[in-house]
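To be precise, the following lines are upload-v6.txt, and they hold compact mmCIF, C-alpha atoms.
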# COMPACT_ATOMS: atom_id res chain seq x y z
CA MET A 1098 36.59 -7.27 1.93
CA LEU A 1099 32.89 -7.65 1.97
CA SER A 1100 31.35 -9.40 4.90
CA GLY A 1101 28.96 -11.79 3.23
CA GLU A 1102 26.37 -13.59 5.26
CA ARG A 1103 27.95 -16.92 4.42
CA LYS A 1104 31.28 -16.06 5.96
CA ALA A 1105 31.94 -16.65 9.65
CA PRO A 1106 29.88 -14.01 11.44
CA VAL A 1107 32.22 -11.17 12.27
CA ASP A 1108 29.78 -9.94 14.88
CA ALA A 1109 30.02 -13.10 16.95
CA GLU A 1110 33.80 -13.19 16.79
CA ALA A 1111 34.02 -9.66 18.11
CA VAL A 1112 32.15 -10.56 21.29
CA PRO A 1113 33.71 -13.44 23.23
CA SER A 1114 30.92 -13.32 25.79
CA LEU A 1115 28.38 -14.47 23.24
CA THR A 1116 26.84 -17.61 24.65
CA PHE A 1117 26.07 -19.38 21.39
CA ASP A 1118 27.83 -20.16 18.16
CA PRO A 1119 25.42 -18.88 15.54
CA VAL A 1120 26.45 -21.32 12.84
CA THR A 1121 25.76 -24.33 15.04
CA SER A 1122 22.28 -23.29 16.14
CA SER A 1123 19.78 -25.67 14.61
CA GLN A 1124 16.67 -24.68 12.69
CA HIS A 1125 14.70 -26.13 15.57
CA GLU A 1126 16.40 -23.78 18.04
CA ILE A 1127 15.90 -20.80 15.73
CA SER A 1128 12.24 -21.67 15.20
CA ASP A 1129 11.74 -21.96 18.97
CA GLU A 1130 13.28 -18.54 19.48
CA ILE A 1131 11.02 -17.10 16.78
CA ALA A 1132 7.92 -18.67 18.38
CA GLU A 1133 8.83 -17.26 21.77
CA ILE A 1134 9.16 -13.73 20.40
CA HIS A 1135 5.96 -14.10 18.37
CA ALA A 1136 4.06 -14.93 21.57
CA ASP A 1137 4.35 -11.23 22.44
CA SER A 1138 2.09 -8.69 20.79
CA PRO A 1139 2.50 -8.71 17.02
CA ARG A 1140 4.14 -5.82 15.24
CA GLY A 1141 3.74 -4.81 11.62
CA ALA A 1142 7.25 -3.43 11.22
CA PRO A 1143 10.25 -5.73 11.64
CA LEU A 1144 11.72 -5.91 15.12
CA LEU A 1145 15.22 -4.47 14.89
CA ASP A 1146 16.26 -6.41 17.99
CA PHE A 1147 15.56 -9.89 16.67
CA ALA A 1148 18.14 -12.40 17.90
CA PRO A 1149 17.09 -15.29 15.62
CA TYR A 1150 18.70 -13.22 12.83
CA ARG A 1151 22.15 -13.39 14.43
CA SER A 1152 23.70 -10.44 12.60
CA THR A 1153 21.26 -8.06 14.30
CA ARG A 1154 22.92 -8.50 17.70
CA LEU A 1155 25.36 -5.63 17.45
CA ARG A 1156 23.55 -3.73 14.74
CA HIS A 1157 20.23 -2.77 16.28
CA PRO A 1158 19.76 0.47 18.23
CA THR A 1159 18.79 -0.03 21.84
CA LYS A 1160 17.29 3.40 22.48
CA GLU A 1161 13.82 4.54 21.50
CA LEU A 1162 13.61 6.29 18.18
CA GLN A 1163 13.18 10.01 18.81
CA LEU A 1164 9.99 11.50 17.40
CA VAL A 1165 10.53 14.65 15.36
CA ASP A 1166 8.38 16.65 12.99
CA PRO A 1167 9.82 16.34 9.50
CA GLU A 1168 11.18 19.51 8.02
CA GLY A 1169 13.27 20.77 5.13
CA ALA A 1170 14.86 18.03 3.08
CA GLU A 1171 12.89 15.35 4.95
CA LEU A 1172 9.72 16.54 3.24
CA VAL A 1173 11.03 16.13 -0.31
CA ALA A 1174 12.09 12.82 -1.87
CA PRO A 1175 14.84 12.84 -4.47
CA VAL A 1176 13.52 13.24 -8.00
CA PHE A 1177 14.39 10.90 -10.85
CA GLY A 1178 13.49 11.10 -14.49
CA HIS A 1179 13.84 9.38 -17.82
CA SER A 1180 17.46 10.50 -18.04
CA ASP A 1181 18.12 8.31 -15.00
CA VAL A 1182 16.58 5.05 -16.14
CA ASP A 1183 16.58 3.37 -19.54
CA PRO A 1184 13.38 1.40 -20.24
CA VAL A 1185 15.46 -1.71 -21.00
CA GLU A 1186 16.60 -1.78 -17.37
CA SER A 1187 13.20 -3.18 -16.38
CA ASP A 1188 13.85 -6.38 -18.36
CA LEU A 1189 16.43 -8.49 -16.54
CA THR A 1190 16.27 -11.18 -19.23
CA VAL A 1191 17.79 -9.17 -22.06
CA GLN A 1192 20.73 -7.42 -20.44
CA ARG A 1193 23.53 -9.71 -21.55
CA GLY A 1194 22.64 -10.73 -25.07
CA GLY A 1195 21.62 -14.30 -24.21
CA ASP A 1196 18.72 -15.89 -22.38
CA PRO A 1197 19.25 -16.44 -18.66
CA ILE A 1198 18.40 -19.89 -17.33
CA GLY A 1199 15.26 -20.30 -15.25
CA GLU A 1200 11.56 -19.70 -15.04
CA ARG A 1201 10.70 -16.42 -16.80
CA ILE A 1202 8.42 -14.20 -14.72
CA ARG A 1203 6.85 -10.77 -14.75
CA VAL A 1204 6.42 -8.96 -11.46
CA HIS A 1205 4.15 -5.95 -11.58
CA GLY A 1206 2.08 -3.83 -9.25
CA ARG A 1207 1.55 -0.33 -7.91
CA VAL A 1208 3.45 1.87 -5.51
CA LEU A 1209 1.00 3.75 -3.28
CA ASP A 1210 1.45 6.11 -0.38
CA GLY A 1211 -0.19 5.59 2.99
CA ASP A 1212 -3.29 7.43 1.81
CA GLY A 1213 -3.70 5.20 -1.21
CA ARG A 1214 -2.42 7.71 -3.73
CA PRO A 1215 -0.18 6.47 -6.54
CA VAL A 1216 3.50 7.37 -6.27
CA ARG A 1217 4.13 8.73 -9.73
CA ARG A 1218 7.31 8.71 -11.81
CA GLN A 1219 9.41 7.49 -8.94
CA LEU A 1220 12.43 5.18 -8.98
CA VAL A 1221 12.09 1.45 -8.23
CA GLU A 1222 15.31 -0.58 -7.96
CA ILE A 1223 15.48 -4.37 -7.63
CA TRP A 1224 18.14 -7.02 -7.18
CA GLN A 1225 17.95 -10.76 -6.81
CA ALA A 1226 19.77 -14.09 -7.02
CA ASN A 1227 19.70 -16.08 -10.24
CA SER A 1228 17.60 -19.24 -10.70
CA ALA A 1229 20.27 -21.31 -8.93
CA GLY A 1230 20.24 -19.04 -5.88
CA ARG A 1231 23.44 -17.10 -6.52
CA TYR A 1232 23.98 -13.37 -6.72
CA ALA A 1233 26.28 -11.80 -9.30
CA HIS A 1234 28.08 -10.20 -6.34
CA GLN A 1235 31.70 -10.82 -5.39
CA GLY A 1236 30.67 -11.43 -1.78
CA ASP A 1237 28.46 -14.39 -2.72
CA GLN A 1238 30.56 -17.56 -2.60
CA HIS A 1239 27.70 -20.06 -2.53
CA PRO A 1240 28.84 -22.87 -4.85
CA ALA A 1241 25.90 -22.58 -7.23
CA PRO A 1242 26.53 -21.57 -10.84
CA LEU A 1243 26.66 -17.96 -11.94
CA ASP A 1244 24.62 -17.22 -15.04
CA PRO A 1245 26.61 -15.15 -17.55
CA ASN A 1246 23.30 -13.88 -18.96
CA PHE A 1247 21.88 -12.64 -15.69
CA THR A 1248 22.96 -9.77 -13.45
CA GLY A 1249 19.81 -9.80 -11.32
CA VAL A 1250 19.70 -6.00 -11.26
CA GLY A 1251 16.85 -3.86 -12.56
CA ARG A 1252 15.37 -0.36 -12.38
CA CYS A 1253 12.27 1.37 -13.58
CA LEU A 1254 10.19 4.46 -13.02
CA THR A 1255 6.58 4.14 -11.94
CA ASP A 1256 4.03 5.51 -14.40
CA ASP A 1257 1.38 8.15 -13.75
CA ASP A 1258 -0.74 5.52 -12.02
CA GLY A 1259 2.09 4.36 -9.77
CA ARG A 1260 2.55 1.17 -11.76
CA TYR A 1261 5.85 -0.68 -12.15
CA SER A 1262 6.70 -3.86 -14.05
CA PHE A 1263 9.81 -6.04 -14.30
CA THR A 1264 10.52 -9.05 -16.47
CA SER A 1265 12.93 -11.43 -14.81
CA ILE A 1266 13.76 -15.00 -13.81
CA ARG A 1267 12.35 -16.54 -10.67
CA PRO A 1268 15.17 -16.42 -8.12
CA GLY A 1269 16.24 -19.58 -6.33
CA PRO A 1270 16.39 -20.01 -2.56
CA TYR A 1271 19.90 -20.11 -1.16
CA PRO A 1272 21.76 -21.19 1.99
CA TRP A 1273 23.25 -18.72 4.43
CA ARG A 1274 25.23 -19.03 7.63
CA ASN A 1275 22.78 -17.71 10.17
CA HIS A 1276 22.44 -21.22 11.60
CA HIS A 1277 22.92 -24.80 10.51
CA ASN A 1278 21.01 -25.64 7.31
CA ALA A 1279 19.60 -22.12 7.02
CA TRP A 1280 17.91 -21.26 3.71
CA ARG A 1281 16.54 -17.94 2.56
CA PRO A 1282 13.16 -18.18 0.83
CA ALA A 1283 13.25 -17.02 -2.78
CA HIS A 1284 12.96 -13.24 -2.82
CA ILE A 1285 13.49 -10.08 -4.81
CA HIS A 1286 14.93 -7.03 -3.06
CA PHE A 1287 13.03 -3.79 -3.74
CA SER A 1288 14.23 -0.24 -3.10
CA LEU A 1289 11.53 2.45 -3.15
CA PHE A 1290 11.06 6.17 -2.75
CA GLY A 1291 7.89 8.14 -2.10
CA THR A 1292 7.22 11.85 -2.34
CA ASP A 1293 8.75 12.56 1.10
CA PHE A 1294 12.26 11.47 2.07
CA THR A 1295 10.66 9.94 5.19
CA GLN A 1296 8.87 7.35 3.02
CA ARG A 1297 12.11 5.64 1.98
CA LEU A 1298 11.72 1.86 1.96
CA ILE A 1299 13.94 -1.12 1.21
CA THR A 1300 12.25 -4.49 1.50
CA GLN A 1301 11.98 -7.98 0.01
CA MET A 1302 9.20 -9.54 -2.04
CA TYR A 1303 8.48 -13.23 -1.46
CA PHE A 1304 6.63 -15.81 -3.58
CA PRO A 1305 3.32 -17.43 -2.64
CA GLY A 1306 3.37 -20.86 -1.03
CA ASP A 1307 7.07 -20.82 -0.09
CA GLN A 1308 7.59 -23.30 2.77
CA LEU A 1309 10.83 -21.57 3.75
CA LEU A 1310 9.08 -18.36 4.79
CA ALA A 1311 8.00 -19.77 8.16
CA LEU A 1312 11.58 -20.85 8.91
CA ASP A 1313 13.28 -17.62 7.89
CA PRO A 1314 14.36 -15.27 10.70
CA ILE A 1315 14.52 -12.26 8.36
CA ALA A 1316 10.89 -12.63 7.25
CA GLN A 1317 9.76 -13.67 10.73
CA SER A 1318 11.16 -10.47 12.25
CA ILE A 1319 7.76 -9.15 11.18
CA THR A 1320 5.72 -10.69 13.97
CA ASP A 1321 2.28 -9.77 12.62
CA PRO A 1322 1.31 -12.45 10.05
CA ALA A 1323 -0.97 -10.01 8.22
CA ALA A 1324 1.95 -7.60 7.80
CA LEU A 1325 4.26 -10.36 6.59
CA ALA A 1326 1.59 -11.40 4.09
CA ARG A 1327 1.96 -7.94 2.55
CA LEU A 1328 5.45 -8.99 1.42
CA VAL A 1329 4.15 -11.99 -0.49
CA ALA A 1330 3.23 -11.53 -4.15
CA SER A 1331 0.17 -13.23 -5.61
CA TYR A 1332 0.19 -15.35 -8.73
CA ASP A 1333 -1.53 -13.35 -11.48
CA HIS A 1334 -2.68 -15.54 -14.32
CA SER A 1335 -4.06 -12.52 -16.17
CA ARG A 1336 -0.50 -11.36 -16.61
CA SER A 1337 1.00 -14.73 -17.51
CA GLU A 1338 1.78 -14.95 -21.21
CA HIS A 1339 1.09 -17.95 -23.43
CA GLU A 1340 4.22 -20.04 -23.86
CA TRP A 1341 6.33 -17.26 -22.43
CA LEU A 1342 6.16 -16.29 -18.74
CA LEU A 1343 4.28 -16.39 -15.42
CA GLY A 1344 2.81 -13.25 -13.89
CA TYR A 1345 2.98 -12.11 -10.28
CA ARG A 1346 1.37 -9.07 -8.73
CA TRP A 1347 2.76 -7.21 -5.75
CA ASP A 1348 1.53 -3.81 -4.57
CA ILE A 1349 3.66 -1.71 -2.26
CA VAL A 1350 2.29 0.78 0.26
CA LEU A 1351 4.68 3.36 1.66
CA THR A 1352 4.13 5.27 4.87
CA GLY A 1353 2.09 8.46 4.79
CA SER A 1354 3.26 11.64 3.17
CA HIS A 1355 3.60 14.63 5.50
CA ALA A 1356 3.47 17.30 2.84
CA THR A 1357 -0.30 17.36 2.50
CA TYR A 1358 -1.10 15.99 5.92
CA LEU A 1359 -2.79 18.33 8.39
CA GLU A 1360 -1.99 17.61 12.02
CA PRO A 1361 -5.13 16.71 13.95
CA SER A 1362 -5.96 19.70 16.10
CA ASP A 1363 -7.55 19.69 19.54
CA ASP A 1364 -9.05 23.13 19.24
CA MET B 1048 -4.29 5.26 6.43
CA THR B 1049 -3.53 2.02 4.53
CA GLU B 1050 -1.19 -0.37 6.30
CA ALA B 1051 2.36 0.11 5.08
CA THR B 1052 4.44 -2.61 3.48
CA PRO B 1053 7.06 -3.63 6.05
CA GLY B 1054 10.76 -3.12 5.46
CA GLN B 1055 13.41 -5.82 5.34
CA THR B 1056 17.17 -5.74 5.60
CA VAL B 1057 19.14 -4.59 2.56
CA GLY B 1058 21.19 -7.79 3.07
CA PRO B 1059 24.81 -8.24 2.02
CA PHE B 1060 24.45 -8.30 -1.76
CA PHE B 1061 23.24 -4.82 -2.70
CA HIS B 1062 26.39 -3.17 -4.00
CA HIS B 1063 26.14 -4.22 -7.65
CA ALA B 1064 22.52 -3.04 -7.73
CA LEU B 1065 22.52 0.18 -5.74
CA ALA B 1066 25.99 1.66 -6.15
CA PHE B 1067 26.50 3.75 -9.29
CA PRO B 1068 29.32 5.90 -10.66
CA GLY B 1069 29.54 9.19 -8.82
CA ASP B 1070 26.83 8.19 -6.35
CA ALA B 1071 28.60 9.91 -3.43
CA GLU B 1072 29.48 13.07 -5.36
CA LEU B 1073 26.53 15.46 -5.20
CA VAL B 1074 29.07 17.91 -6.60
CA PRO B 1075 32.43 16.92 -8.09
CA PHE B 1076 35.07 16.19 -5.47
CA GLY B 1077 37.34 19.21 -5.00
CA SER B 1078 35.11 21.60 -6.93
CA ALA B 1079 34.81 25.22 -5.78
CA GLY B 1080 32.59 25.53 -2.72
CA SER B 1081 32.44 21.79 -2.11
CA VAL B 1082 32.81 20.13 1.26
CA VAL B 1083 33.40 16.51 2.23
CA LEU B 1084 30.96 14.97 4.70
CA HIS B 1085 32.31 11.68 6.00
CA GLY B 1086 32.48 9.26 8.88
CA TYR B 1087 32.37 5.64 9.96
CA VAL B 1088 29.47 3.29 10.54
CA LEU B 1089 30.18 1.23 13.67
CA ASP B 1090 28.42 -1.61 15.46
CA GLY B 1091 27.80 -2.09 19.17
CA ALA B 1092 31.31 -3.41 19.73
CA GLY B 1093 32.85 -0.45 17.90
CA ALA B 1094 33.70 -2.61 14.89
CA PRO B 1095 33.30 -1.11 11.42
CA VAL B 1096 30.21 -2.04 9.43
CA PRO B 1097 31.57 -2.73 5.94
CA ASP B 1098 28.19 -3.56 4.41
CA ALA B 1099 26.13 -0.48 5.18
CA MET B 1100 24.70 2.10 2.82
CA ILE B 1101 24.06 5.74 3.66
CA GLU B 1102 21.84 8.14 1.72
CA ILE B 1103 21.62 11.87 2.26
CA ARG B 1104 19.04 14.43 1.14
CA GLN B 1105 19.65 18.13 1.48
CA ALA B 1106 18.88 21.67 0.45
CA ASP B 1107 21.11 23.70 -1.81
CA ALA B 1108 23.20 26.58 -0.46
CA SER B 1109 20.23 28.96 -0.61
CA GLY B 1110 18.02 26.62 1.44
CA VAL B 1111 15.93 25.26 -1.42
CA VAL B 1112 15.46 21.49 -1.61
CA PRO B 1113 15.92 20.67 -5.32
CA LYS B 1114 13.07 18.96 -7.15
CA ALA B 1115 14.80 18.53 -10.49
CA GLY B 1116 15.18 15.08 -12.02
CA GLY B 1117 18.52 13.47 -12.72
CA SER B 1118 19.36 12.38 -9.17
CA LEU B 1119 20.76 9.04 -10.32
CA ARG B 1120 22.80 9.89 -13.40
CA ARG B 1121 23.25 13.64 -12.90
CA ARG B 1122 23.97 13.95 -16.59
CA GLY B 1123 24.25 17.68 -16.86
CA ALA B 1124 21.65 18.13 -14.16
CA GLY B 1125 22.13 20.90 -11.66
CA PHE B 1126 22.43 20.19 -7.97
CA THR B 1127 19.89 17.46 -7.15
CA GLY B 1128 20.52 17.28 -3.39
CA TRP B 1129 20.62 13.49 -3.03
CA GLY B 1130 23.48 11.03 -2.76
CA ARG B 1131 24.24 7.46 -1.82
CA CYS B 1132 27.40 5.82 -0.46
CA CYS B 1133 28.13 2.18 0.36
CA THR B 1134 30.60 1.85 3.24
CA ASP B 1135 34.01 0.40 2.45
CA ALA B 1136 35.93 -2.33 4.29
CA ALA B 1137 36.74 0.16 7.06
CA GLY B 1138 33.07 1.08 7.49
CA HIS B 1139 33.82 4.49 6.00
CA TYR B 1140 31.35 6.59 4.02
CA TRP B 1141 31.87 9.95 2.36
CA PHE B 1142 30.06 12.50 0.26
CA SER B 1143 31.34 15.39 -1.78
CA THR B 1144 28.65 18.02 -1.48
CA ILE B 1145 27.91 21.60 -0.50
CA GLU B 1146 26.81 22.90 2.87
CA PRO B 1147 23.02 23.14 2.81
CA GLY B 1148 21.25 26.43 3.45
CA LEU B 1149 19.04 24.54 5.92
CA PRO B 1150 20.58 23.31 9.17
CA PHE B 1151 20.85 19.57 8.53
CA PHE B 1152 21.37 16.73 6.08
CA ALA B 1153 18.53 14.18 6.22
CA VAL B 1154 20.06 10.70 6.44
CA THR B 1155 18.92 7.10 5.98
CA VAL B 1156 21.01 4.11 7.10
CA PHE B 1157 20.79 0.58 5.70
CA ALA B 1158 22.95 -2.45 6.54
CA ARG B 1159 23.14 -6.19 6.61
CA GLY B 1160 21.94 -7.16 10.07
CA LEU B 1161 19.72 -4.08 10.26
CA LEU B 1162 16.16 -5.23 9.60
CA ASP B 1163 14.71 -1.85 8.64
CA ARG B 1164 16.11 1.50 7.59
CA LEU B 1165 17.03 4.06 10.19
CA PHE B 1166 16.58 7.80 9.86
CA THR B 1167 18.80 10.42 11.42
CA ARG B 1168 20.03 13.97 10.77
CA ILE B 1169 23.47 15.46 10.51
CA TYR B 1170 23.45 19.11 11.57
CA LEU B 1171 26.04 21.62 10.48
CA PRO B 1172 28.36 22.81 13.26
CA GLY B 1173 26.79 25.74 15.09
CA ALA B 1174 23.29 25.03 13.81
CA PRO B 1175 20.67 26.48 16.15
CA GLU B 1176 18.18 24.08 17.76
CA ALA B 1177 20.08 20.98 16.66
CA VAL B 1178 19.01 17.63 18.09
CA ASP B 1179 21.53 16.73 20.80
CA GLY B 1180 24.29 14.49 19.50
CA LEU B 1181 23.52 14.97 15.82
CA VAL B 1182 26.00 17.77 15.05
CA ALA B 1183 28.90 17.12 12.69
CA SER B 1184 32.35 18.20 13.78
CA ARG B 1185 34.61 20.35 11.62
CA GLU B 1186 37.99 18.77 11.05
CA ASP B 1187 41.16 20.81 10.66
CA ASP B 1188 41.13 20.33 6.91
CA GLY B 1189 37.55 21.61 6.67
CA ARG B 1190 35.80 18.27 6.24
CA LEU B 1191 32.63 17.53 8.18
CA ARG B 1192 32.83 14.38 10.29
CA PHE B 1193 29.92 12.37 11.63
CA ASP B 1194 30.17 8.76 12.82
CA ILE B 1195 27.09 6.57 12.96
CA HIS B 1196 26.97 4.16 15.91
CA LEU B 1197 24.23 1.59 15.41
CA GLN B 1198 24.49 0.55 19.07
CA GLY B 1199 26.59 1.05 22.18
CA PRO B 1200 27.50 3.86 24.58
CA SER B 1201 27.76 6.37 21.72
CA GLU B 1202 24.64 5.11 19.97
CA THR B 1203 23.43 7.60 17.39
CA VAL B 1204 20.06 9.24 17.96
CA PHE B 1205 17.75 7.74 15.34
CA LEU B 1206 14.49 9.37 14.43
CA LYS B 1207 10.90 8.59 13.67
CA TYR B 1208 8.23 10.83 12.19
CA PRO B 1209 4.51 11.15 12.92
CA ARG B 1210 3.54 9.10 9.88
CA THR B 1211 6.21 6.40 9.86

Now, as a test, write the supplied structure out as structure tokens.
Amino acid sequence: MLSGERKAPVDAEAVPSLTFDPVTSSQHEISDEIAEIHADSPRGAPLLDFAPYRSTRLRHPTKELQLVDPEGAELVAPVFGHSDVDPVESDLTVQRGGDPIGERIRVHGRVLDGDGRPVRRQLVEIWQANSAGRYAHQGDQHPAPLDPNFTGVGRCLTDDDGRYSFTSIRPGPYPWRNHHNAWRPAHIHFSLFGTDFTQRLITQMYFPGDQLLALDPIAQSITDPAALARLVASYDHSRSEHEWLLGYRWDIVLTGSHATYLEPSDD
Amino acid sequence: MTEATPGQTVGPFFHHALAFPGDAELVPFGSAGSVVLHGYVLDGAGAPVPDAMIEIRQADASGVVPKAGGSLRRRGAGFTGWGRCCTDAAGHYWFSTIEPGLPFFAVTVFARGLLDRLFTRIYLPGAPEAVDGLVASREDDGRLRFDIHLQGPSETVFLKYPRT
């Protein structure tokens, strides 16, 4: 059985001492909790211990991460090639023989490392809800229609300039059971690799102007507004196509590579 | 250094996108020289985490980290040294692989309720200079066992690197 976010939170049931019932928290209470945490110094990476996202309670480490120098396999990302990914996998609108319902979009951009270098010929994986806000996943029981022409799953390899591009359908927002009347902003999940294994990233791309972003405890776990803004795509009219689709641009910056990095030396 | 794009949780709905046939078999299960690396992902109450995903990266038996393509499909590729496993309803993950010629498997952990990926290492039993607590145990049948505790008294040591 998959534990979907819309089912009763298993985490809460396992801990009788929990002082709140997550599903009955109001948006107002969640927003107050978010504001209180944001009053502390902002952080560019998501807080792992972020109670407004209720499922984090028993799933965040409590000890400091231990600093180590990367070695061996940590210095080398897995390698993918054209045998791994068919070019058609980057077009989510043609996978099932019919046109999916919704607003056709293209999302494109570059994958860069922390030093601004393109990440070349590397795997990008995406998944998303359909235009009605439902995933083609057995764990998603939200009573919105499935689209037989849309799986919401795509892959591509970046080119020699680090560029990626997907054609898809704009995903819908959807409800989840974090609290009463909780809605996820529309988003596309992205899975990325760099040149080092330590650059591994899974994140979510949001759309500009989405009023749900400010209410969403997953997005707001990034307490630095400038950092959260890096998850929001920009509308790109130069990539919209006449009578066909709307363009969005979203660049992704991974952490720094260690392979070519020289430790600062004191002597 | 340019500011990095922040991570976000993998969420609950990743299986149909990220799982693929043979993803956990870096070498075919039961093949000569193979070993099973497995364990459970557990939360702070000791409950299984049925919606986690583990990835491993490793050297081959001679200590070389492979840089050949084909890590996803492995269609006739040699050993690519990377694998992925979504936990099952019991929170269990497993890989069929070989013992690396370097002392540890590099590991990333993703889960619903986990807002960013976690890094750790799984050292081979008897590895010199292993990080405390990150050594797999050898089971009677030869399998390597390593449980991942996201929280709690047995919380796994998670790692960060100078540039992350």

By how many Å are CA of Phe1247 (chain A) and CA of Pro1068 (chain B) apart?
-> 20.6 Å

Please provide as a ChimeraX atom specification all residues within 6 Å of His1277 (chain A), with the sequence filter that same-chain residues fewer than 5 positions apart are discarded (counting only C-alpha atoms).
-> /A:1120-1123

Between chain B and chain A, at 7 Å or less, what are the per-residue closest atom pairs and their distances in Å? Count all atoms listed in the file, order by chain and rising residue number, and return it as a tab-separated table.
residue	atom	partner	partner_atom	distance
B:Met1048	CA	A:Asp1212	CA	5.2
B:Thr1049	CA	A:Gly1211	CA	5.1
B:Glu1050	CA	A:Gly1211	CA	6.9
B:Ala1051	CA	A:Val1350	CA	4.9
B:Thr1052	CA	A:Val1350	CA	5.1
B:Pro1053	CA	A:Ala1142	CA	5.2
B:Gly1054	CA	A:Thr1300	CA	4.4
B:Gln1055	CA	A:Thr1300	CA	4.2
B:Thr1056	CA	A:Thr1300	CA	6.5
B:Val1057	CA	A:Ile1299	CA	6.4
B:Pro1059	CA	A:Gly1101	CA	5.6
B:Phe1060	CA	A:His1234	CA	6.1
B:His1063	CA	A:His1234	CA	6.4
B:Ala1064	CA	A:Val1250	CA	5.4
B:Asp1090	CA	A:Arg1156	CA	5.4
B:Gly1091	CA	A:Leu1155	CA	4.6
B:Ala1092	CA	A:Leu1155	CA	6.7
B:Pro1097	CA	A:Leu1099	CA	6.5
B:Asp1098	CA	A:Ser1100	CA	6.7
B:Arg1104	CA	A:Ala1170	CA	5.8
B:Gln1105	CA	A:Ala1170	CA	5.1
B:Ala1106	CA	A:Ala1170	CA	6.0
B:Val1112	CA	A:Ala1170	CA	5.9
B:Lys1114	CA	A:Val1176	CA	5.8
B:Ala1115	CA	A:Val1176	CA	6.0
B:Gly1116	CA	A:Phe1177	CA	4.4
B:Gly1117	CA	A:Phe1177	CA	5.2
B:Ser1118	CA	A:Phe1177	CA	5.5
B:Leu1119	CA	A:Asp1181	CA	5.4
B:Arg1120	CA	A:Asp1181	CA	5.2
B:Trp1129	CA	A:Pro1175	CA	6.0
B:Ala1136	CA	A:Met1098	CA	5.5
B:Leu1149	CA	A:Gly1169	CA	6.9
B:Ala1153	CA	A:Glu1171	CA	5.9
B:Gly1160	CA	A:Thr1153	CA	4.4
B:Leu1161	CA	A:Thr1153	CA	5.9
B:Leu1162	CA	A:Leu1145	CA	5.4
B:Asp1163	CA	A:Pro1143	CA	6.6
B:Leu1197	CA	A:Pro1158	CA	5.4
B:Gln1198	CA	A:Pro1158	CA	4.8
B:Glu1202	CA	A:Pro1158	CA	7.0
B:Val1204	CA	A:Gln1163	CA	7.0
B:Phe1205	CA	A:Leu1162	CA	5.2
B:Leu1206	CA	A:Gln1163	CA	4.6
B:Lys1207	CA	A:Leu1164	CA	4.8
B:Tyr1208	CA	A:Val1165	CA	5.5
B:Pro1209	CA	A:Asp1166	CA	6.7
B:Arg1210	CA	A:Gly1353	CA	5.3
B:Thr1211	CA	A:Thr1352	CA	5.5

Given 3 Å of margin on each side, can you work out the centre and size in Å (one decimal) of an axis-aligned box holding every listed atom of region 1106-1118 of chain B, as lines of an AutoDock Vina configuration file?
center_x = 18.1
center_y = 20.7
center_z = -5.6
size_x = 16.1
size_y = 22.6
size_z = 20.2

Between CA of Leu1312 (chain A) and CA of His1125 (chain A) - distance in Å to one decimal |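 Taking CA of His1125 (chain A) and CA of Leu1312 (chain A), their separation equals 9.1 Å.
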
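CA of Arg1164 (chain B) is positioned 21.8 Å from CA of Ser1138 (chain A).
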
Close residues, Met1100 (chain B) itself excluded, 10 Å, all atoms listed in the file, min 4 positions apart in chain, as a PyMOL selection string | chain B and resi 1057+1061-1062+1065-1066+1088+1096+1131-1135+1138-1140+1155-1159+1164

Selection: 6 Å around Arg1192 (chain B), only C-alpha atoms, excl. self and same-chain fewer than 6 positions, as an MDAnalysis selection string = chainID B and resid 1084:1086 1183:1184

Selection near Gly1148 (chain B), 8 Å with all atoms listed in the file, sequence-local residues under 6 positions removed, as a count of residues only = 6

Find the spatial neighbours of Gly1080 (chain B), counting all atoms listed in the file, within a cut-off of 10 Å - ignore same-chain residues fewer than 6 positions away - and output them as number ranges by chain.
-> B: 1074, 1108, 1144-1146

Can you patch up region 1190-1197 of chain B, filling it in to N, CA and C atoms, and show the result as a tab-separated table (two decimals), keeping the file's coordinate frame?
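Saved file rebuild36.tsv follows:
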chain	number	residue	atom	x	y	z
B	1190	ARG	N	36.82	19.30	6.47
B	1190	ARG	CA	35.80	18.27	6.24
B	1190	ARG	C	34.84	18.19	7.42
B	1191	LEU	N	33.62	17.77	7.13
B	1191	LEU	CA	32.63	17.53	8.18
B	1191	LEU	C	32.67	16.05	8.53
B	1192	ARG	N	32.70	15.77	9.83
B	1192	ARG	CA	32.83	14.38	10.29
B	1192	ARG	C	31.62	14.01	11.14
B	1193	PHE	N	31.02	12.87	10.82
B	1193	PHE	CA	29.92	12.37	11.63
B	1193	PHE	C	29.93	10.84	11.59
B	1194	ASP	N	30.19	10.22	12.74
B	1194	ASP	CA	30.17	8.76	12.82
B	1194	ASP	C	28.78	8.29	13.21
B	1195	ILE	N	28.40	7.14	12.68
B	1195	ILE	CA	27.09	6.57	12.96
B	1195	ILE	C	27.30	5.30	13.77
B	1196	HIS	N	26.84	5.32	15.02
B	1196	HIS	CA	26.97	4.16	15.91
B	1196	HIS	C	25.60	3.48	15.98
B	1197	LEU	N	25.52	2.28	15.42
B	1197	LEU	CA	24.23	1.59	15.41
B	1197	LEU	C	23.80	1.18	16.81
